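Undergrad: Before anything else, here's the structure in question.
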Amino acid sequence: VNSLEALKIKEDAVVLTIGNYDGLHRGHKKIIRKVIARARELGGKSAIITFEPHPRFFLHPESSPPLLLTREEKIDILSHWGLDFYIEVPFDEKFSQIKAEDFLEKVWFFIKPKEIYVGEDFRFGLRREGNLELIKKFSKEKNFFAEGISKLEISGEEVSSTLIRKYILEGSVEKAHFLLGRPFEIRGVVEQGAKRGRELGFATANIKLGKKIVPQRGVYSTLVDIEEEQLLPSVSNIGVRPTFSDISEEILEIHILGRQIDLYGKEIRCLFIKKIRDEKKFSNVSELIKQIEEDKKVAEENLIASHLLKRKLFWG
């Protein structure tokens, strides 16, 4: 649903959460699992109100960090988790001026939730003046239950989107996987490339990189999900092909291990399992081919060691 006004929830018991949830990491899942569980216990429906674009991107585009998830990825993951309603509020100039109290009144008018759960540090409304305390005060006036969910800590480390971004940008995709609860992924439609890989004997599926965060340049052990059918072992490169110097923008090149598949025009998910090495410029093509063969061996070893090849799909 792309606005509160368009929403028509007829159930008596709606359990709601509100937030941006960029990343949908294990800390976020702690809140959303609570929402889904309570909705089932009450015989009602679970719902999330989120904002598009992310308020930070609208208000401070020059200093905003890259997103961990695209809008489509967020919707897919929440759907697979079992959430009933995804309510997307357009965040524009008009909405940015709404006071926190007025926003809560609007939520109450259109949804009348039985319960609301948010992160303990959730802020909203004009000048970010809304917080958990205000939601609890409002809940007493309207006679519904509100609770803040504490942040998740693992091994003394607080799970946060900021930390996950740091790991991805430095190529530590295993650490990002641990905090996300699933491998970091990049999706896209396979495009026609320069066919350099095919000429070298290593055909690749090429994907343009969008606005979401991109791991550090280099070669990675990856798994490829082809239109939700199967996971295939692969080795992937993020970079600009420095040996050939024929492109200036970063691209993702994926080589499926052990088979040849025509992927042109298909949407695929590339799941990053472990970094193999940094991107490197080779002095000649023979050196590059030799290194790619070595990369393939390492990728196979990494994927076998990860015990992830037997998994069908990943949704966190």
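Lettering and numbering for the structure tokens are positional, with chains as A, B, ... in the shown order, residues counted from 1 in each chain, and ligands counted from 1 in the shown order.
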Give me, as a count of residues only, all polymer residues having an atom no more than 7 Å from A:Phe272, counting only C-alpha atoms and skipping those fewer than 4 positions away in the same chain.

TA: 8

Undergrad: Mind running stretch 141-223 of chain A against stretch 58-77 of chain A at 12 Å and telling me each contacting residue's nearest atom pair with the distance in Å (one decimal), counting only C-alpha atoms, chain and number ascending, as CSV?

TA:
residue,atom,partner,partner_atom,distance
A:Ser160,CA,A:Leu68,CA,11.2
A:Ser161,CA,A:Leu68,CA,7.6
A:Thr162,CA,A:Pro65,CA,8.7
A:Leu163,CA,A:Leu68,CA,11.2
A:Ile164,CA,A:Leu68,CA,8.4
A:Arg165,CA,A:Leu68,CA,7.2
A:Lys166,CA,A:Pro65,CA,10.4
A:Tyr167,CA,A:Leu68,CA,11.5
A:Ile168,CA,A:Leu68,CA,9.3
A:Leu169,CA,A:Pro66,CA,10.2
A:Ala176,CA,A:Leu68,CA,10.5
A:Leu180,CA,A:Leu68,CA,10.0
A:Gly181,CA,A:Ile77,CA,11.6
A:Arg182,CA,A:Ile77,CA,10.6
A:Pro183,CA,A:Leu68,CA,11.7
A:Phe184,CA,A:Leu68,CA,8.4
A:Glu185,CA,A:Leu69,CA,8.7
A:Ile186,CA,A:Leu69,CA,8.9
A:Arg187,CA,A:Glu73,CA,8.6
A:Gly188,CA,A:Thr70,CA,11.1
A:Leu209,CA,A:Thr70,CA,11.8
A:Gly210,CA,A:Thr70,CA,9.2
A:Lys211,CA,A:Pro66,CA,6.9
A:Lys212,CA,A:Leu67,CA,4.7
A:Ile213,CA,A:Pro66,CA,5.0
A:Val214,CA,A:Pro66,CA,8.5
A:Pro215,CA,A:Leu68,CA,10.6

Undergrad: Could you write out, as a PDB file with N, CA and C atoms, in the first residue's frame, all the residues of stretch 158-237 of chain A that DSSP marks as alpha helix (DSSP H)?

TA:
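Below you can see part_16.pdb, which holds the result:
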ATOM      1  N   SER A 161      22.773  -0.979  11.170  1.00  0.00           N
ATOM      2  CA  SER A 161      22.981  -0.783   9.731  1.00  0.00           C
ATOM      3  C   SER A 161      24.325  -0.113   9.466  1.00  0.00           C
ATOM      4  N   THR A 162      24.736   0.772  10.365  1.00  0.00           N
ATOM      5  CA  THR A 162      26.023   1.466  10.209  1.00  0.00           C
ATOM      6  C   THR A 162      27.183   0.480  10.210  1.00  0.00           C
ATOM      7  N   LEU A 163      27.159  -0.464  11.144  1.00  0.00           N
ATOM      8  CA  LEU A 163      28.232  -1.454  11.230  1.00  0.00           C
ATOM      9  C   LEU A 163      28.220  -2.378  10.011  1.00  0.00           C
ATOM     10  N   ILE A 164      27.030  -2.755   9.571  1.00  0.00           N
ATOM     11  CA  ILE A 164      26.917  -3.627   8.397  1.00  0.00           C
ATOM     12  C   ILE A 164      27.459  -2.919   7.153  1.00  0.00           C
ATOM     13  N   ARG A 165      27.148  -1.638   6.999  1.00  0.00           N
ATOM     14  CA  ARG A 165      27.700  -0.869   5.873  1.00  0.00           C
ATOM     15  C   ARG A 165      29.226  -0.877   5.911  1.00  0.00           C
ATOM     16  N   LYS A 166      29.776  -0.681   7.090  1.00  0.00           N
ATOM     17  CA  LYS A 166      31.234  -0.668   7.248  1.00  0.00           C
ATOM     18  C   LYS A 166      31.832  -1.983   6.763  1.00  0.00           C
ATOM     19  N   TYR A 167      31.236  -3.095   7.186  1.00  0.00           N
ATOM     20  CA  TYR A 167      31.747  -4.408   6.785  1.00  0.00           C
ATOM     21  C   TYR A 167      31.657  -4.605   5.274  1.00  0.00           C
ATOM     22  N   ILE A 168      30.540  -4.209   4.679  1.00  0.00           N
ATOM     23  CA  ILE A 168      30.366  -4.388   3.233  1.00  0.00           C
ATOM     24  C   ILE A 168      31.379  -3.550   2.457  1.00  0.00           C
ATOM     25  N   LEU A 169      31.558  -2.314   2.862  1.00  0.00           N
ATOM     26  CA  LEU A 169      32.477  -1.421   2.155  1.00  0.00           C
ATOM     27  C   LEU A 169      33.928  -1.872   2.249  1.00  0.00           C
ATOM     28  N   VAL A 173      32.243  -9.458   3.768  1.00  0.00           N
ATOM     29  CA  VAL A 173      30.854  -9.874   3.535  1.00  0.00           C
ATOM     30  C   VAL A 173      30.416 -10.993   4.480  1.00  0.00           C
ATOM     31  N   GLU A 174      31.362 -11.767   5.009  1.00  0.00           N
ATOM     32  CA  GLU A 174      31.004 -12.797   5.990  1.00  0.00           C
ATOM     33  C   GLU A 174      30.462 -12.163   7.268  1.00  0.00           C
ATOM     34  N   LYS A 175      31.115 -11.097   7.720  1.00  0.00           N
ATOM     35  CA  LYS A 175      30.660 -10.400   8.928  1.00  0.00           C
ATOM     36  C   LYS A 175      29.307  -9.743   8.690  1.00  0.00           C
ATOM     37  N   ALA A 176      29.126  -9.181   7.493  1.00  0.00           N
ATOM     38  CA  ALA A 176      27.837  -8.581   7.146  1.00  0.00           C
ATOM     39  C   ALA A 176      26.741  -9.645   7.136  1.00  0.00           C
ATOM     40  N   HIS A 177      27.049 -10.810   6.575  1.00  0.00           N
ATOM     41  CA  HIS A 177      26.129 -11.950   6.536  1.00  0.00           C
ATOM     42  C   HIS A 177      25.667 -12.307   7.945  1.00  0.00           C
ATOM     43  N   PHE A 178      26.607 -12.359   8.881  1.00  0.00           N
ATOM     44  CA  PHE A 178      26.299 -12.741  10.259  1.00  0.00           C
ATOM     45  C   PHE A 178      25.313 -11.762  10.905  1.00  0.00           C
ATOM     46  N   LEU A 179      25.507 -10.475  10.679  1.00  0.00           N
ATOM     47  CA  LEU A 179      24.638  -9.473  11.297  1.00  0.00           C
ATOM     48  C   LEU A 179      23.310  -9.320  10.558  1.00  0.00           C
ATOM     49  N   LEU A 180      23.322  -9.533   9.244  1.00  0.00           N
ATOM     50  CA  LEU A 180      22.081  -9.467   8.466  1.00  0.00           C
ATOM     51  C   LEU A 180      21.198 -10.687   8.710  1.00  0.00           C
ATOM     52  N   ARG A 196      34.152 -10.092 -22.952  1.00  0.00           N
ATOM     53  CA  ARG A 196      35.560 -10.345 -22.662  1.00  0.00           C
ATOM     54  C   ARG A 196      35.735 -11.716 -22.017  1.00  0.00           C
ATOM     55  N   GLY A 197      34.828 -12.011 -21.043  1.00  0.00           N
ATOM     56  CA  GLY A 197      34.933 -13.286 -20.340  1.00  0.00           C
ATOM     57  C   GLY A 197      34.780 -14.470 -21.268  1.00  0.00           C
ATOM     58  N   ARG A 198      33.827 -14.372 -22.185  1.00  0.00           N
ATOM     59  CA  ARG A 198      33.601 -15.468 -23.134  1.00  0.00           C
ATOM     60  C   ARG A 198      34.843 -15.696 -23.999  1.00  0.00           C
ATOM     61  N   GLU A 199      35.485 -14.604 -24.410  1.00  0.00           N
ATOM     62  CA  GLU A 199      36.701 -14.710 -25.224  1.00  0.00           C
ATOM     63  C   GLU A 199      37.834 -15.392 -24.461  1.00  0.00           C
ATOM     64  N   LEU A 200      37.830 -15.197 -23.126  1.00  0.00           N
ATOM     65  CA  LEU A 200      38.881 -15.801 -22.292  1.00  0.00           C
ATOM     66  C   LEU A 200      38.537 -17.224 -21.859  1.00  0.00           C
TER      67      LEU A 200
END

Undergrad: Could you find all residues in stretch 120-219 of chain A that DSSP calls strand (DSSP E or B) from the backbone, and write them as a PyMOL selection string?

TA: chain A and resi 124+130+145-149+153-154+157-158+184-189+191+205-208+218-219

Undergrad: Please list as number ranges by chain every residue within 12 Å of A:Glu133, counting only C-alpha atoms and excluding residues in the same chain fewer than 5 positions away.

TA: A: 100-101, 118-124, 138-140, 146-148

Undergrad: Pull C-alpha atoms from the residues just selected and write them as a CSV table (one decimal), in the first residue's frame.

TA:
chain,number,residue,atom,x,y,z
A,100,ALA,CA,4.9,13.9,15.5
A,101,GLU,CA,1.6,14.2,17.3
A,118,VAL,CA,9.2,0.2,17.6
A,119,GLY,CA,12.9,0.3,18.3
A,120,GLU,CA,13.7,2.0,21.6
A,121,ASP,CA,15.6,4.8,19.8
A,122,PHE,CA,12.9,5.4,17.1
A,123,ARG,CA,12.5,9.0,16.2
A,124,PHE,CA,9.9,10.6,13.9
A,138,PHE,CA,-0.6,8.6,22.9
A,139,SER,CA,-1.4,4.9,23.4
A,140,LYS,CA,-2.8,5.6,26.9
A,146,ALA,CA,2.9,0.3,22.9
A,147,GLU,CA,6.3,-1.1,23.6
A,148,GLY,CA,9.9,-0.4,22.6

Undergrad: For atom CA of A:Phe57 and atom CA of A:Leu152, determine how far apart the two atoms are, in Å to one decimal place.

TA: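 These two atoms are separated by 25.1 Å.
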